[in-house]
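Visitor: Pasting a structure below so you can have a look.
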Amino acid sequence: MGDSTPRSPHSSKEHKAHLPDDRNYRVLFIIFPLCALLISLFIMTTSSQRQVLPSSVRPTHYDITLTPDLEKFVFTGSEAIDIVFNDDVRQIVLNVFEVEVTAAKLQNLSLKTIQNIDAVQIEHNEKRQTVTLTFPQELAKNTKGVLKLQFNGTLNDKMCGFYRSVFVDKQGNKKYMATTQFEPTDARRAFPCWDEPAIKATFDITLIVPSNLTALSNMNVISEKQLEHAKKEVKFAKTPIMSTYLVAFVVGDLAYVEAETSGEHNGNPVLIRVYTNKGLEKQGEFALSVAVQALEYFAQLFAIPYPLPKLDMVAIPDFEAGAMENWGLVTYRTAAILFDPQASDAKFKQRIAYTVSHELAHQWFGNLVTMEWWDHLWLNEGFATWVGYLSVAKIFPEWDIWTEFLTEGVQRGLSLDALRSSHPIEVPVSNPRQVAVYFILILLHISVPIYYKGASVIRMLSSYLTEKVFLTGIQKYLKQHMYGNASTGDLWKALSLQSGIDVEKFMSIWTREVGHPVVNVTESSPDKIHVRQSRFLSTGDTKESEDTNIWWVPLGITTGPNTPEEISSAKLATREASITLPPNTDFFKLNVHQTGVFRVNYTPDRLTKLGKAVREGGLLDTSDRIGIVADAAALARSGYAKTSSFLSLVNEFENEEKYMVWAEITKNLADICNVWFEQPENVYQALQNIQRQLVSKLVTRLGWDYLEGESHQTSMLRTLVIKVAGNAGDPDVVKEAHRRFQLLTEHKNESALHPNIRGTAFEIVLTHGGGTKEFDAILQIYKEAKTEDQKVVALIALGSAQQADLIQRALEFSISDQVRSQDIHHAFLGYQSNRKARRPLWAFIKANWNKFYERYSKSMTLFGNIVRFGTQNFASEADIADIENFFKGKDTKDITRPLQQSIEKIRSNAAWLERDAKDVKDWLGSNGYLVV
């Protein structure tokens with residue numbers, strides 16, 4: 001099984017010999033600034049350096065009227081803002097961007113007679129995104145006024161600010177709707193305002209729209225008046241005091257389904273509606289049912305009623321993110337809210353349930369209590385992520401969603417947090433540009449620490465304090481700061497008061513510092529273990545200067561059913577320590593139930609014993625089995641352990657039946673295949689053979705048919721193992737995929753392929769034996785799909801084509817007008833997963849760079865995804881050189897981080913391959929998988 005001690009990048013001479021040449025790093029310094037320099041843009045910023053508006057004037061209330069024109073794609077607006085003067089001033093500075101202020105008047109309420117003073121100068125500053133209004137006389141401190149503005153702007157197609165979205169109705173007519181996306185700093189694209197989260201006010205919104213359209217805003221409609229020229233004036237009730245980024249309005253030809261909460265925990269019933277394009281409203285019923293239950297649950301959980309009289313949720317055809325938590329008017333990408341029980345894949349059902357729960361959690365975390373500044377965004381997103389899972393677990397206990405969180409949340413958070421180019425949970429930011437980039441990183445899943453590491457840290461803390469104590473502290477935090485703003489320190493204070501423990505003392509390092517530890521475990525005697533923590537990097541080359549943090553680590557040691565409390569509650573708050581186990585201990589595992597946010601590196605002998613415990617069963621629950629697999633895979637990638645050790649461990653899982661364990665196993669096996677994609681064919685096929693043999697028994701047992709009444713986990717497992725076996729070339733699975741595909745496409749037998757398995761079957765058919773006929777059939781399915789999720793699975797599947805001409809057709813189709821710009825990443829996801837399409841994809845991006853730049857450079861999320869998907873799965877220094885040479889001299893300011901992370905991942909891939917290619921080949925040969 002290899003060495004008797006763990007392989008550590010800090011001590012292995014063999015590993016050091018394979019570290020990247022320093023000259024390559026010097027090139028990287030020149031072309032792409034090191035992450036440390038990038039992050040310093042944020043980290044070195046203090047609160048005093050924030051680019052904020054002068055404190056001399058503050059708003060208390062906005063009265064806004066907007067008139068959008070859905071034919072000319074412009075809007076006009078007027079507003080009256082109640083303001084107070086904190087200093088003597090002649091100038092008022094507001095945020096505004098891509099909106100022209102055409103007139104400004106000020107009414108001084110300190111005067112006995114009404115007098116409007118015209119601004120003598122209106123000066124826009126595009127760089128600082130402000131407008132400065134200069135008045136002819138000084139405005140006195142401690143007085144009040146009303147600022148009246150006229151302005152106009154464009155309904156842009158950038159999916160930010162006040163923008164237009166296009167769709168085709170059932171009659172084939174192209175129609176437009178107007179909608180908003182203001183987070184983080186784009187309310188200023190719709191109306192002049194103090195666009196900072198801590199500058200809260202109340203809002204009266206009035207929309208003047210075509211009479212045949214529906215108008216929505218945060219609050220309920222209080223009046224509707226018909227005007228000339230087939231227009232109507234829709235007035236909404238005054239909002240609670242709130243931040244500008246949560247203001248929202250939607251105008252479109254919409255229909256809805258509705259329901260009410262019981263009012264048991266909210267005091268009064270809350271009317272909830274799901275709005276969609278007409279004809280799709282029935283697809284909103286599942287999201288509606290989740291919203292009703294989630295809103296009731298959160299009101300009970302937080303002991304604070306939902307404070308608005310209604311909640312609208314709207315499906316938006318063009319939407320850059322997944323959803324946005326605007327108070328009382330939550331907006332969603334269509335695939336994140338619409339579900340057809342007869343035509344949709346069950347995985348989208350789960351995604352919708354979580355997304356709705358996440359956004360409704362924001363109605364308390366973020367809307368009722370808002371972070372004081374964007375540094376503390378994790379208070380919104382980390383908590384909404386954790387509480388979103390809590391809600392889904394409550395509504396759908398049979399889904400075992402917390403176990404899924406281990407693979408979807410914890411592992412994703414740890415994976416990106418293990419890169420040098422990661423950042424802390426709390427990231428100081430100063431100006432609008434930084435805030436925008438910060439949010440782009442989140443949308444690119446490059447800023448996963450905000451969501452998933454944040455939620456994982458919360459889960460770790462709640463487990464330590466106990467969920468009851470933790471939630472009681474959260475209730476106090478929310479009540480103390482409701483309708484106001486808060487910082488991370490405020491949260492720690494509330495939890496410290498409730499628990500009697502100084503929470504900030506041991507938790508601040510988890511939010512303020514980048515990275516997480518690996519705990520190396522050695523066995524110094526039969527009943528004693530030695531544990532040592534150090535920073536974990538996926539590249540396996542942590543330098544001494546990068547390893548200065550000492551994390552508070554709840555070790556969570558289990559030795560079996562009767563583990564002594566002093567062992568199970570052991571913590572590591574120093575660099576290293578020794579722990580005495582009970583006499584004659586044969587079994588132990590750290591991080592029981594995987595509640596801690598760290599990796600564990602065992603000796604090869606101990607990992608072998610844990611593998612036997614998996615095979616024998618009884619000692620390791622589902623979460624622990626996931627944790628063992630995930631840690632072993634991460635340690636193999638980074639060089640702490642051999643990849644052969646991971647493969648040997650996986651072989652012990654042949655009797656495993658839990659979906660989420662298989663999801664973790666197959667994800668990591670796929671990761672190896674992705675890195676080994678250009679190794680000798682017999683080696684690559686041997687890796688495929690492992691996957692086939694591991695899941696073949698499950699495919700035979702579960703079959704292809706989804707049975708009425710079967711568990712959600714069984715359905716998900718069936719889809720997974722058929723996908724793995726089929727893509728790995730299992731002849732029986734491939735044959736059955738072709739048979740059912742033919743029944744569906746040629747005989748129009750819809751029941752031949754259940755919606756859960758259609759995307760998988762499409763991929764198998766195109767990967768193994770499919771040609772032009774099958775490609776065209778899937779393309780037609782994409783064009784005719786009745787649900788958004790079925791369009792997505794068909795679009796992804798097109799990327800599985802194997803023939804060069806079909807790969808090129810798929811690539812050209814991805815940038816045609818038949819694919820929404822927002823869906824480019826779905827298409828590219830298929831190509832990057834297909835080893836034969838990976839290099840054609842990168843060549844296509846390079847050949848069409850000007851087109852990509854023109855179309856996507858204004859959408860940093862999509863632009864960054866194009867770069868990441870096109871590059872990150874390569875595994876050689878030559879590929880890094882090619883990428884660097886291509887981008888040399890090009891405008892990459894908005895995609896520097898995705899480029900940096902792709903290069904870091906390629907470098908990690910190359911080091912892994914160089915280090916363990918022979919190790920893997922030898923293991924495959926000695927275990928009978930390799931055909932010579």
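Here's how to read the names in the structure tokens: chain A, B, ... by the order shown, residue numbers from 1 in each chain, ligand numbers from 1 in the order shown.
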Excluding Lys571 in chain A and its own-chain neighbours fewer than 2 positions away, which residues fall within 8 Å of it when counting only C-alpha atoms? Please give them as a list in words.
Guide: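 My reading of the contact set: Trp552, Val553, Pro554, Leu555, Gly556, Ser569 and Ala573 of chain A.
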Visitor: Store the residues picked out above, limited to N, CA and C atoms, as an mmCIF file, in the first residue's frame.
Guide:
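So result09.cif came out as:
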```cif
data_model
loop_
_atom_site.group_PDB
_atom_site.id
_atom_site.type_symbol
_atom_site.label_atom_id
_atom_site.label_comp_id
_atom_site.auth_asym_id
_atom_site.auth_seq_id
_atom_site.Cartn_x
_atom_site.Cartn_y
_atom_site.Cartn_z
ATOM 1 N N TRP A 552 -9.057 27.298 14.899
ATOM 2 C CA TRP A 552 -9.778 26.557 15.940
ATOM 3 C C TRP A 552 -10.486 25.408 15.232
ATOM 4 N N VAL A 553 -10.104 24.170 15.571
ATOM 5 C CA VAL A 553 -10.594 23.000 14.853
ATOM 6 C C VAL A 553 -11.314 22.051 15.812
ATOM 7 N N PRO A 554 -12.630 21.915 15.710
ATOM 8 C CA PRO A 554 -13.332 20.891 16.488
ATOM 9 C C PRO A 554 -13.075 19.521 15.859
ATOM 10 N N LEU A 555 -12.232 18.723 16.486
ATOM 11 C CA LEU A 555 -11.738 17.495 15.853
ATOM 12 C C LEU A 555 -12.828 16.448 15.649
ATOM 13 N N GLY A 556 -13.819 16.402 16.519
ATOM 14 C CA GLY A 556 -14.929 15.469 16.354
ATOM 15 C C GLY A 556 -14.474 14.028 16.194
ATOM 16 N N SER A 569 -15.281 15.573 21.993
ATOM 17 C CA SER A 569 -15.312 17.041 22.036
ATOM 18 C C SER A 569 -13.924 17.667 21.938
ATOM 19 N N ALA A 573 -6.515 23.888 18.997
ATOM 20 C CA ALA A 573 -6.376 25.342 18.887
ATOM 21 C C ALA A 573 -4.910 25.742 18.900
#
```
Visitor: Gln226 in chain A: which residues within 12 Å, counting only C-alpha atoms, same-chain residues fewer than 2 positions away excluded, as number ranges by chain?
Guide: A: 207-212, 223-224, 228-235
Visitor: From the set A:Ala794, A:Ile824, A:Ala343, A:Ile626, which residue has the shortest atom-to-atom contact distance to Arg855 in chain A, counting only C-alpha atoms?
Guide: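 Counting only C-alpha atoms, the residue closest to Arg855 in chain A is A:Ile824.
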Visitor: Write out as a PyMOL selection string the residues lying within 8 Å of Asn727 in chain A, counting only C-alpha atoms and excluding same-chain residues fewer than 5 positions away.
Guide: chain A and resi 763-764+767-768
Visitor: Mind dumping the selected residues with C-alpha atoms as a short mmCIF file (atom, residue, chain, number, x, y, z; two decimals), in the first residue's frame?
Guide:
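Result went into result_3.cif, see below:
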```cif
data_model
loop_
_atom_site.label_atom_id
_atom_site.label_comp_id
_atom_site.auth_asym_id
_atom_site.auth_seq_id
_atom_site.Cartn_x
_atom_site.Cartn_y
_atom_site.Cartn_z
CA GLU A 763 -25.24 12.12 -23.77
CA ILE A 764 -24.74 8.33 -23.87
CA THR A 767 -20.86 9.58 -26.90
CA HIS A 768 -21.22 5.98 -28.07
#
```
Visitor: If you count only C-alpha atoms, which residues fall within 12 Å of Ser857 in chain A, apart from same-chain ones fewer than 3 positions away, as a list of chain:residue names?
Guide: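 Using only C-alpha atoms, the neighbours found are A:Lys158, A:Ser821, A:Trp849, A:Asn850, A:Lys851, A:Phe852, A:Tyr853, A:Glu854, A:Met860, A:Thr861, A:Leu862, A:Phe863, A:Gly864, A:Asn865, A:Ile866, A:Val867, A:Asp891, A:Thr892, A:Lys893, A:Asp894, A:Ile895.
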Visitor: Could you write those residues out with C-alpha atoms, as a PDB file, in the first residue's frame?
Guide:
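Dumped everything to part-v3.pdb:
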```
ATOM      1  CA  LYS A 158     -27.208  43.825 -20.007  1.00  0.00           C
ATOM      2  CA  SER A 821     -26.808  34.540 -24.193  1.00  0.00           C
ATOM      3  CA  TRP A 849     -12.617  35.910 -29.559  1.00  0.00           C
ATOM      4  CA  ASN A 850     -13.715  39.219 -31.036  1.00  0.00           C
ATOM      5  CA  LYS A 851     -17.279  37.954 -31.302  1.00  0.00           C
ATOM      6  CA  PHE A 852     -17.231  36.665 -27.722  1.00  0.00           C
ATOM      7  CA  TYR A 853     -15.756  39.929 -26.508  1.00  0.00           C
ATOM      8  CA  GLU A 854     -18.335  42.024 -28.316  1.00  0.00           C
ATOM      9  CA  MET A 860     -18.510  39.584 -16.649  1.00  0.00           C
ATOM     10  CA  THR A 861     -20.241  36.472 -15.325  1.00  0.00           C
ATOM     11  CA  LEU A 862     -20.824  34.924 -18.722  1.00  0.00           C
ATOM     12  CA  PHE A 863     -17.521  36.197 -20.069  1.00  0.00           C
ATOM     13  CA  GLY A 864     -15.633  34.647 -17.188  1.00  0.00           C
ATOM     14  CA  ASN A 865     -17.454  31.332 -17.563  1.00  0.00           C
ATOM     15  CA  ILE A 866     -16.480  31.191 -21.237  1.00  0.00           C
ATOM     16  CA  VAL A 867     -12.828  31.519 -20.287  1.00  0.00           C
ATOM     17  CA  ASP A 891      -8.266  43.500 -22.572  1.00  0.00           C
ATOM     18  CA  THR A 892      -8.632  41.032 -19.688  1.00  0.00           C
ATOM     19  CA  LYS A 893      -9.307  43.388 -16.781  1.00  0.00           C
ATOM     20  CA  ASP A 894     -12.736  41.877 -16.122  1.00  0.00           C
ATOM     21  CA  ILE A 895     -11.650  38.240 -16.391  1.00  0.00           C
TER      22      ILE A 895
END
```
Visitor: Using DSSP assignments from the backbone, pull out every residue in range 557-663 of chain A that falls under strand (DSSP E or B) and give it to me as a list in words.
Guide: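 Of range 557-663 of chain A, only Thr558, Lys571, Leu572, Glu576, Ala577, Ser578, Ile579, Thr580, Lys589, Arg599, Val600 and Asn601 of chain A fall in strand (DSSP E or B).
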Visitor: Please write the residues from the selection above to a file, keeping N, CA and C atoms, as an mmCIF file, in the first residue's frame.
Guide:
```
data_model
loop_
_atom_site.group_PDB
_atom_site.id
_atom_site.type_symbol
_atom_site.label_atom_id
_atom_site.label_comp_id
_atom_site.auth_asym_id
_atom_site.auth_seq_id
_atom_site.Cartn_x
_atom_site.Cartn_y
_atom_site.Cartn_z
ATOM 1 N N THR A 558 -14.398 10.097 16.725
ATOM 2 C CA THR A 558 -15.241 8.977 17.151
ATOM 3 C C THR A 558 -14.402 7.702 17.165
ATOM 4 N N LYS A 571 -10.623 19.490 20.797
ATOM 5 C CA LYS A 571 -10.414 20.583 19.852
ATOM 6 C C LYS A 571 -8.921 20.833 19.685
ATOM 7 N N LEU A 572 -8.573 21.333 18.541
ATOM 8 C CA LEU A 572 -7.185 21.685 18.249
ATOM 9 C C LEU A 572 -7.116 23.187 18.037
ATOM 10 N N GLU A 576 -0.153 21.730 17.013
ATOM 11 C CA GLU A 576 -0.208 20.283 17.097
ATOM 12 C C GLU A 576 -0.505 19.853 18.519
ATOM 13 N N ALA A 577 -0.927 18.605 18.652
ATOM 14 C CA ALA A 577 -1.250 18.070 19.971
ATOM 15 C C ALA A 577 -1.284 16.553 19.903
ATOM 16 N N SER A 578 -1.185 15.928 21.086
ATOM 17 C CA SER A 578 -1.314 14.478 21.190
ATOM 18 C C SER A 578 -2.591 14.159 21.954
ATOM 19 N N ILE A 579 -3.278 13.118 21.528
ATOM 20 C CA ILE A 579 -4.546 12.741 22.146
ATOM 21 C C ILE A 579 -4.498 11.261 22.483
ATOM 22 N N THR A 580 -4.845 10.935 23.720
ATOM 23 C CA THR A 580 -4.875 9.543 24.156
ATOM 24 C C THR A 580 -6.267 8.969 23.934
ATOM 25 N N LYS A 589 -12.052 7.758 13.800
ATOM 26 C CA LYS A 589 -12.199 8.671 12.661
ATOM 27 C C LYS A 589 -12.362 10.084 13.191
ATOM 28 N N ARG A 599 -9.713 19.209 6.206
ATOM 29 C CA ARG A 599 -9.356 17.915 5.643
ATOM 30 C C ARG A 599 -8.625 17.094 6.712
ATOM 31 N N VAL A 600 -8.711 15.774 6.572
ATOM 32 C CA VAL A 600 -7.990 14.882 7.475
ATOM 33 C C VAL A 600 -7.095 13.974 6.643
ATOM 34 N N ASN A 601 -5.810 13.942 6.997
ATOM 35 C CA ASN A 601 -4.831 13.130 6.285
ATOM 36 C C ASN A 601 -4.360 12.004 7.203
#
```
Visitor: Determine, using only C-alpha atoms, which residues of range 626-668 of chain A have any atom at most 12 Å from an atom of range 694-707 of chain A, and tabulate each with its shortest atom pair and distance in Å to one decimal place, rows ordered by chain and then rising number, as a Markdown table.
Guide:
```
| residue | atom | partner | partner_atom | distance |
| --- | --- | --- | --- | --- |
| A:Leu647 | CA | A:Leu694 | CA | 11.3 |
| A:Val650 | CA | A:Leu694 | CA | 8.7 |
| A:Asn651 | CA | A:Leu694 | CA | 7.5 |
| A:Glu652 | CA | A:Leu694 | CA | 9.7 |
| A:Phe653 | CA | A:Leu694 | CA | 7.9 |
| A:Glu654 | CA | A:Leu694 | CA | 5.7 |
| A:Asn655 | CA | A:Leu694 | CA | 8.8 |
| A:Glu656 | CA | A:Leu698 | CA | 9.2 |
| A:Glu657 | CA | A:Leu698 | CA | 7.9 |
| A:Lys658 | CA | A:Leu698 | CA | 10.6 |
| A:Tyr659 | CA | A:Leu698 | CA | 10.7 |
| A:Trp662 | CA | A:Val695 | CA | 8.8 |
| A:Ala663 | CA | A:Val695 | CA | 11.3 |
| A:Ile665 | CA | A:Leu694 | CA | 9.9 |
| A:Thr666 | CA | A:Leu694 | CA | 9.5 |
```
Visitor: Going by DSSP on the backbone, which residues of range 320-502 of chain A come out as alpha helix (DSSP H)? List them as a PyMOL selection string.
Guide: chain A and resi 346-361+378-395+401-405+411-417+432-443+448+454-465+467-481+488-499
Visitor: Kindly save the residues from that selection, with C-alpha atoms included, as a tab-separated table (two decimals), in the first residue's frame.
Guide:
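What ended up in again35.tsv:
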```tsv
chain	number	residue	atom	x	y	z
A	346	ALA	CA	-36.40	15.72	-10.66
A	347	LYS	CA	-33.01	17.34	-10.05
A	348	PHE	CA	-34.56	20.65	-11.11
A	349	LYS	CA	-37.34	20.11	-8.57
A	350	GLN	CA	-34.77	19.93	-5.80
A	351	ARG	CA	-32.93	22.94	-7.20
A	352	ILE	CA	-36.14	24.99	-7.26
A	353	ALA	CA	-37.02	24.02	-3.69
A	354	TYR	CA	-33.62	25.13	-2.48
A	355	THR	CA	-33.51	28.34	-4.54
A	356	VAL	CA	-36.95	29.43	-3.31
A	357	SER	CA	-35.99	28.65	0.28
A	358	HIS	CA	-32.70	30.54	-0.10
A	359	GLU	CA	-34.38	33.66	-1.49
A	360	LEU	CA	-37.14	33.65	1.13
A	361	ALA	CA	-34.55	33.31	3.89
A	378	TRP	CA	-21.64	36.64	3.95
A	379	LEU	CA	-24.15	37.61	6.64
A	380	ASN	CA	-26.67	37.61	3.79
A	381	GLU	CA	-25.43	34.79	1.61
A	382	GLY	CA	-23.81	32.38	4.05
A	383	PHE	CA	-26.85	32.41	6.29
A	384	ALA	CA	-29.36	32.24	3.45
A	385	THR	CA	-27.46	29.22	2.12
A	386	TRP	CA	-27.48	27.44	5.48
A	387	VAL	CA	-31.07	28.36	6.30
A	388	GLY	CA	-32.13	27.45	2.75
A	389	TYR	CA	-30.94	23.90	3.36
A	390	LEU	CA	-32.62	23.95	6.77
A	391	SER	CA	-35.92	24.82	5.09
A	392	VAL	CA	-35.64	22.12	2.43
A	393	ALA	CA	-34.82	19.58	5.15
A	394	LYS	CA	-37.98	20.62	6.97
A	395	ILE	CA	-40.27	20.54	3.92
A	401	ILE	CA	-30.65	17.41	1.87
A	402	TRP	CA	-28.01	17.92	4.57
A	403	THR	CA	-26.11	14.90	3.30
A	404	GLU	CA	-26.22	16.43	-0.16
A	405	PHE	CA	-24.89	19.66	1.33
A	411	GLN	CA	-16.81	20.12	-0.81
A	412	ARG	CA	-17.39	22.94	-3.29
A	413	GLY	CA	-16.44	25.46	-0.64
A	414	LEU	CA	-13.33	23.54	0.38
A	415	SER	CA	-12.28	22.98	-3.21
A	416	LEU	CA	-12.10	26.64	-4.17
A	417	ASP	CA	-10.91	27.70	-0.72
A	432	PRO	CA	-18.49	50.33	-6.92
A	433	ARG	CA	-16.05	48.69	-9.32
A	434	GLN	CA	-14.75	46.39	-6.58
A	435	VAL	CA	-18.26	45.57	-5.43
A	436	ALA	CA	-19.25	44.69	-9.00
A	437	VAL	CA	-16.19	42.47	-9.48
A	438	TYR	CA	-16.88	40.86	-6.11
A	439	PHE	CA	-20.39	39.90	-7.23
A	440	ILE	CA	-19.13	38.63	-10.56
A	441	LEU	CA	-16.81	36.27	-8.69
A	442	ILE	CA	-19.83	35.01	-6.75
A	443	LEU	CA	-21.86	34.44	-9.91
A	448	VAL	CA	-17.85	30.29	-3.33
A	454	GLY	CA	-19.77	30.62	4.90
A	455	ALA	CA	-22.64	28.15	5.24
A	456	SER	CA	-20.22	25.36	6.19
A	457	VAL	CA	-18.69	27.50	8.93
A	458	ILE	CA	-22.19	28.30	10.21
A	459	ARG	CA	-23.01	24.60	10.23
A	460	MET	CA	-19.81	23.89	12.18
A	461	LEU	CA	-20.60	26.61	14.71
A	462	SER	CA	-24.25	25.59	15.15
A	463	SER	CA	-23.15	22.00	15.72
A	464	TYR	CA	-20.67	23.14	18.37
A	465	LEU	CA	-23.09	25.48	20.19
A	467	GLU	CA	-28.70	24.17	16.99
A	468	LYS	CA	-31.13	25.31	19.72
A	469	VAL	CA	-28.64	27.74	21.29
A	470	PHE	CA	-27.49	28.91	17.88
A	471	LEU	CA	-31.00	29.66	16.56
A	472	THR	CA	-32.01	31.42	19.77
A	473	GLY	CA	-28.98	33.65	19.34
A	474	ILE	CA	-29.97	34.29	15.73
A	475	GLN	CA	-33.45	35.36	16.82
A	476	LYS	CA	-31.93	37.88	19.19
A	477	TYR	CA	-29.58	39.15	16.47
A	478	LEU	CA	-32.47	39.68	14.04
A	479	LYS	CA	-34.71	41.39	16.60
A	480	GLN	CA	-31.95	43.71	17.78
A	481	HIS	CA	-31.08	44.88	14.24
A	488	THR	CA	-20.18	40.20	11.60
A	489	GLY	CA	-19.19	41.49	15.04
A	490	ASP	CA	-22.85	42.09	15.86
A	491	LEU	CA	-23.62	38.47	15.09
A	492	TRP	CA	-20.77	37.18	17.24
A	493	LYS	CA	-21.97	39.37	20.13
A	494	ALA	CA	-25.50	37.95	19.95
A	495	LEU	CA	-24.27	34.36	19.84
A	496	SER	CA	-21.78	35.00	22.66
A	497	LEU	CA	-24.51	36.41	24.89
A	498	GLN	CA	-26.76	33.44	24.20
A	499	SER	CA	-24.10	30.75	24.60
```
